[in-house]
Structures are given as C-alpha cells and as structure tokens.
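Heads up: the structure comes next, in structure tokens.
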Amino acid sequence: MTNIVKIKAPGETQTYQIWIGAGLLEKSGEWAKHCLAAGGNKIAIVSNKKVFGLYGSVVKKSFEKAGYKVSVWLMQDGEQHKNFGSLEELLAFLSEEKFTRADAVASLGGGVAGDLAGFAASVYLRGIAMLQIPTTLVSQVDSSVGGKTAINTAYGKNLIGAFYQPKGVLIDIDTLQTLPRRELTSGFCEVVKQGAVSGRGLFNKTREFLKNYPVRNFSGYFTAAQSKNFKADLAGLIKAQVAFKARIVAGDEKESLSRADNRSRKILNFGHTIGHALEKTTHYQQLKHGEAVGYGMIAAAEISKNLGIFDKNSLKSLIDVIALAGRLPRLKNITPEEVFRAAAFDKKKAGRVTTWILLKKIGEPVLIGDDKIQTSMIKKSIKAILK
Ligand SMILES: NC(=O)c1ccc[n+]([C@@H]2O[C@H](COP(=O)([O-])OP(=O)(O)OC[C@H]3O[C@@H](n4cnc5c(N)ncnc54)[C@H](O)[C@@H]3O)[C@@H](O)[C@H]2O)c1
Ligand SMILES: [Zn+2]
C-alpha cells in the first residue's frame with residue numbers, strides 16, 4: 001500500500017506529494033510523471049556508486065519505461081564530498097547534457113546526495129525541477145522534507161545553500177534493509193528527536209515501534225514471516241514523522257529568526273546545539289550526525305531538568321527511548337571544555353545569544369536563550385554525557 005502525504009509548500013499554489021511504502025522504486029517512472037509537468041523528457045539521477053549499485057537500475061529502467069531519457073551522475077560517497085567541487089562537477093554535467101528548464105534532477109541516496117542535488121537544481125538555470133528518492137532513514141524522515149538544500153565549506157557544514165522545494169518525494173522503505181547498523185541508529189535518533197518535540201502521540205508511536213522491532217535485528221524483519229506487519233508499521237511511522245515535519249515547515253518555511261514559539265522550525269534543532277559541538281570537537285570522525293544528536297538530546301534534557309522545568313521521570317523515559325535507537329559510540333579524547341567552546345560557536349546563533357531547544361514535557365519544547373542558563377549548568381550537562 002502506498003501512503004501519500006500531500007504537501008503545500010509555502011508560496012506555491014500547487015501541492016506536491018510524498019509517496020511512502022514498500023516496493024515503490026519500481027514505480028519511479030509513474031511517480032515522476034505524476035510530479036513533473038508535461039514537456040520535459042530528461043532526468044539526471046544523482047547518486048553514488050554504492051547506492052546506485054543497489055537501486056539504480058530499477059529506478060533508471062522505470063524512468064525510461066515512462067518515456068524519460070535518463071543520465072546518471074555519481075558523486076563520491078561521504079559528507080566531505082558535499083562541497084563546491086562536487087557542485088561544480090554536477091552543474092557542468094547538466095550543462096554538457098544540455099538540460100533545459102523543462103528537465104529534472106532526481107537524487108537517489110541519503111541526505112548528502114539529496115542536499116547536493118537539491119542545491120544544484122536550485123541554481124542551475126535559476127532552478128529546475130527536483131525529485132527526491134531518499135534511501136537512508138535520516139533522509140526519509142528529515143532531509144528530503146522541508147526544502148533545505150546545502151553544501152559544506154571550509155568554514156562549516158551547510159553554510160551555502162537554498163530553500164528549494166522538490167516536486168515530489170518517493171520513500172521506498174525497502175531500501176532501508178541494506179542500511180548499515182550505525183546509519184539506522186543515526187536515523188532513529190532523529191526519529192526520536194522529532195517525537196520528543198512533536199507531542200506525546202508521535203513519541204509513543206516511535207517508542208512502541210522501537211520496542212516491537214529492536215534495531216539490532218532490523219534487516220531481518222524485511223524477510224521474516226511477519227514482514228507485512230513490520231512494513232506496515234514502518235511505513236506508518238515514517239508517514240507520521242514526515243507529516244509532522246511537513247506541518248512545522250509549512251508554518252515556518254525559512255526558520256524565521258524572530259520566532260521563539262514552540263511550533264517554530266527551530267524546534268527541529270532539539271539536541272543539535274551540543275550535537276553539532278560534539279561533531280566539531282571530534283572532527284566529524286567519531287560520530288554519525290544522528291548519534292551526536294542522540295547525545296545532544298540527553299544534554300538538552302539534563303539542562304531542562306536542572307532548570308526545574310522537566311521532571312526526572314520524563315528525562316528517564318527520553319533516555320530509555322534513545323537507548324532503543326541503538327548503542328551510541330563512546331566519546332573518547334574530548335574534554336567538556338572543548339565541547340562547551342564549540343557549542344558557543346554554533347551557527348544557530350542569532351546575534352550573541354544561542355537559542356536552546358529545551359523540554360517542558362515530552363512533546364512540549366520551549367526555546368530559551370543561553371543568557372537565561374548558567375554556564376555551569378551547560379557544562380554539567382556536557383560532563384554527564386561524557387561520563
Ligand atoms: N536538508 C535538510 O533538512 C537536512 C536534514 C538532516 C540532514 N541533512 C544532511 O543530510 C546529510 C546526512 O544524510 P544521511 O545520514 O542520509 O547520510 P549519507 O547521505 O552520507 O548516507 C549515509 C551512508 O549510507 C549510504 N547509503 C545510503 N542509502 C543506503 C542504503 N539504502 N543502503 C546502504 N547504504 C546506503 C551512503 O552511501 C552513505 O555511505 C548531512 O549532510 C546533513 O547535513 C539535511
Ligand atoms: Zn539533524
């Protein structure tokens with residue numbers, strides 16, 4: 001069964017659709033026809049060797065069957081390739097292949113391919129149609145929805161980019177079967193994050209799913225006798241996650257700096273202040289992004305408890321669900337002081353005050369400036385996760 005979430009991107013008159021289900025890659029052509037305006041006949045698939053090797057041919061064949069002329073551009077695998085060099089190569093490829101404004105770019109892969117392809121699509125000929133086929137959990141519940149695209153520079157991550165909405169997103173949950181264990185944990189940490197700031201409903205749904213399907217056996221559920229139930233539950237969870245993110249984005253597409261209410265897009269950064277600081281301090285080597293967010297959520301929840309706004313039982317229940325997402329790697333060779341300094345330079349800083357996303361309850365975030373939080377309290381929370 002295909003679940004469909006309809007999205008109305010701010011400022012756009014038309015809605016676009018996110019299709020979620022099993023076995024959907026085979027329908028890529030039909031889906032593209034549905035998303036794209038008639039007239040264009042070319043699609044450039046942006047992927048990497050690994051993902052294209054797993055899923056490229058089925059997507060390509062399906063596009064071709066639907067009448068598209070398909071070209072393929074493969075980037076190198078890894079966050080470090082989401083950069084100017086790759087962007088330039090991709091733009092040159094589109095020019096060589098004589099892509100026009102009637103044609104489209106389709107990413108097939110995780111957030112790295114999606115962010116790079118989306119940014120290239122936003123600037124090539126001042127914008128050509130973009131399709132997203134996310135194949136990691138992070139990209140299915142987070143990066144493919146919401147229209148943020150970007151590349152990294154020597155000064156930091158995601159510093160050059162654009163808000164650019166896709167014409168459609170195709171989420172085939174079967175692709176998650178081949179995802180390495182740490183990528184799954186990283187994704188489930190973001191899933192827990194969205195639950196923690198969304199409301200009790202999504203948080204409980206996430207917890208139940210992780211309890212019913214322990215992450216360590218994940219790939220086995222796809223072929224087990226009860227795979228039908230599993231796939232329905234997984235698609236249901238992803239649908240609920242996507243719908244939540246879409247709702248937040250619709251109300252605050254560009255993450256308005258002035259907003260400080262608990263439905264602003266900023267709440268999606270729960271766990272990210274310390275998360276980003278940990279990634280930076282470990283030189284992006286020790287932790288996957290979601291794993292860093294896992295630690296960051298614990299730190300933010302500790303601060304919330306120490307401020308007296310979040311009770312002890314809620315803290316425990318959050319930590320328990322993060323543990324269900326999988327084991328976080330032990331943090332080595334870093335000091336609380338280094339992490340604190342890195343957090344003070346987080347790019348989410350507006351002016352001189354860092355906005356912390358804290359919790360009053362599970363599902364009830366609150367935005368608080370760091371001028372209202374004692375430095376010692378922040379340091380204490382960092383010490384707690386480094387233990
Ligand atoms: N735009 C946004 O709103 C947003 C939100 C969150 C994250 N991001 C960005 O997304 C990126 C992280 O995305 P990610 O976690 O998907 O990382 P990623 O794209 O690097 O993918 C992780 C790894 O999994 C591999 N892979 C992908 N699909 C696979 C599959 N089905 N089976 C086996 N292996 C597979 C990839 O080749 C890669 O090695 C970061 O650059 C981050 O900044 C953007
Ligand atoms: Zn994140």
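All residue names refer to the structure tokens as shown: chains lettered A, B, ... in order, residues numbered from 1 in each chain, ligands numbered from 1 in order.
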
Distance query Leu328 of chain A at most 8 Å, only C-alpha atoms, self and fewer than 5 positions along chain excluded, as an mmCIF file with N, CA, C and O atoms, in the first residue's frame:
data_model
loop_
_atom_site.group_PDB
_atom_site.id
_atom_site.type_symbol
_atom_site.label_atom_id
_atom_site.label_comp_id
_atom_site.auth_asym_id
_atom_site.auth_seq_id
_atom_site.Cartn_x
_atom_site.Cartn_y
_atom_site.Cartn_z
ATOM 1 N N THR A 185 20.836 3.642 13.466
ATOM 2 C CA THR A 185 20.783 4.277 14.788
ATOM 3 C C THR A 185 20.773 5.792 14.639
ATOM 4 O O THR A 185 20.003 6.490 15.301
ATOM 5 N N GLU A 291 23.873 10.201 15.770
ATOM 6 C CA GLU A 291 24.423 9.737 17.053
ATOM 7 C C GLU A 291 24.777 10.952 17.923
ATOM 8 O O GLU A 291 24.518 10.964 19.136
ATOM 9 N N GLY A 294 21.775 12.220 19.350
ATOM 10 C CA GLY A 294 21.356 11.363 20.469
ATOM 11 C C GLY A 294 21.954 11.888 21.774
ATOM 12 O O GLY A 294 21.255 12.107 22.767
ATOM 13 N N TYR A 295 23.265 12.119 21.768
ATOM 14 C CA TYR A 295 23.925 12.689 22.960
ATOM 15 C C TYR A 295 23.398 14.104 23.248
ATOM 16 O O TYR A 295 23.182 14.478 24.401
ATOM 17 N N ALA A 323 18.118 4.994 23.944
ATOM 18 C CA ALA A 323 18.859 3.719 24.013
ATOM 19 C C ALA A 323 18.260 2.685 23.059
ATOM 20 O O ALA A 323 18.980 1.876 22.467
#

Write out as CSV a residue-level contact list of chain A versus ligand 2 with cut-off 12 Å: for each qualifying residue the closest pair of atoms and the distance in Å to one decimal, counting only C-alpha atoms and all ligand atoms, rows sorted by chain and residue number upward.
residue,atom,partner,partner_atom_place_in_ligand_line,distance
A:Gly111,CA,ligand 2,1 (Zn),10.3
A:Leu137,CA,ligand 2,1 (Zn),11.6
A:Val138,CA,ligand 2,1 (Zn),8.0
A:Ser139,CA,ligand 2,1 (Zn),9.9
A:Val141,CA,ligand 2,1 (Zn),10.5
A:Asp142,CA,ligand 2,1 (Zn),7.7
A:Ser143,CA,ligand 2,1 (Zn),8.3
A:Lys148,CA,ligand 2,1 (Zn),11.9
A:Lys157,CA,ligand 2,1 (Zn),11.6
A:Asn158,CA,ligand 2,1 (Zn),11.5
A:Ser186,CA,ligand 2,1 (Zn),9.1
A:Gly187,CA,ligand 2,1 (Zn),8.9
A:Phe188,CA,ligand 2,1 (Zn),10.9
A:Cys189,CA,ligand 2,1 (Zn),8.8
A:Glu190,CA,ligand 2,1 (Zn),6.2
A:Val191,CA,ligand 2,1 (Zn),9.7
A:Val192,CA,ligand 2,1 (Zn),11.1
A:Lys193,CA,ligand 2,1 (Zn),8.7
A:Gln194,CA,ligand 2,1 (Zn),9.8
A:Lys266,CA,ligand 2,1 (Zn),11.5
A:Ile267,CA,ligand 2,1 (Zn),11.2
A:Leu268,CA,ligand 2,1 (Zn),7.9
A:Asn269,CA,ligand 2,1 (Zn),6.8
A:Phe270,CA,ligand 2,1 (Zn),8.6
A:Gly271,CA,ligand 2,1 (Zn),8.3
A:His272,CA,ligand 2,1 (Zn),6.6
A:Thr273,CA,ligand 2,1 (Zn),10.2
A:Ile274,CA,ligand 2,1 (Zn),11.4
A:Gly275,CA,ligand 2,1 (Zn),8.4
A:His276,CA,ligand 2,1 (Zn),8.8
A:Glu279,CA,ligand 2,1 (Zn),11.3
A:Lys288,CA,ligand 2,1 (Zn),10.0
A:His289,CA,ligand 2,1 (Zn),6.4
A:Gly290,CA,ligand 2,1 (Zn),6.0
A:Glu291,CA,ligand 2,1 (Zn),9.4
A:Ala292,CA,ligand 2,1 (Zn),8.7
A:Val293,CA,ligand 2,1 (Zn),6.5
A:Gly294,CA,ligand 2,1 (Zn),9.7
A:Tyr295,CA,ligand 2,1 (Zn),11.9
A:Gly296,CA,ligand 2,1 (Zn),10.3
A:Met297,CA,ligand 2,1 (Zn),10.9

- Task: Write out as number ranges by chain each polymer residue (protein, DNA or RNA) that has an atom no more than 6 Å from ligand 1, with only C-alpha atoms and all ligand atoms counted.
- Result: A: 50-51, 77-79, 109-113, 115, 135-136, 138-139, 142-143, 148-149, 175-176, 178-179

Produce a table with one row for each residue of segment 311-370 of chain A that has an atom at most 6 Å from any atom of segment 249-262 of chain A, each row naming the nearest atom pair and its distance in Å at one decimal; use only C-alpha atoms; arrange rows by chain and rising residue number; format as a tab-separated table.
residue	atom	partner	partner_atom	distance
A:Pro365	CA	A:Asn262	CA	5.7
A:Val366	CA	A:Asn262	CA	5.7
A:Leu367	CA	A:Ala260	CA	5.9

- Tell me, in Å to one decimal, how far atom CA of Val58 of chain A is from atom CA of Leu125 of chain A.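 Pair atom CA of Val58 of chain A / atom CA of Leu125 of chain A returns 28.7 Å.
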
- Task: Can you pull out every residue within 12 Å of Arg330 of chain A, counting only C-alpha atoms, but drop anything in the same chain fewer than 6 positions away, and send it as a list in words?
- Result: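 Counting only the stated atoms, we get Leu278, Thr282, Gln286, Leu287, Glu291, Ala292, Tyr295, Ile385, Leu386 and Lys387 of chain A.
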
- Task: Could you give me, as a ChimeraX atom specification, the residues within 8 Å of Ile43 of chain A, counting only C-alpha atoms and dropping anything in the same chain fewer than 4 positions from it?
- Result: /A:68-71,103-106
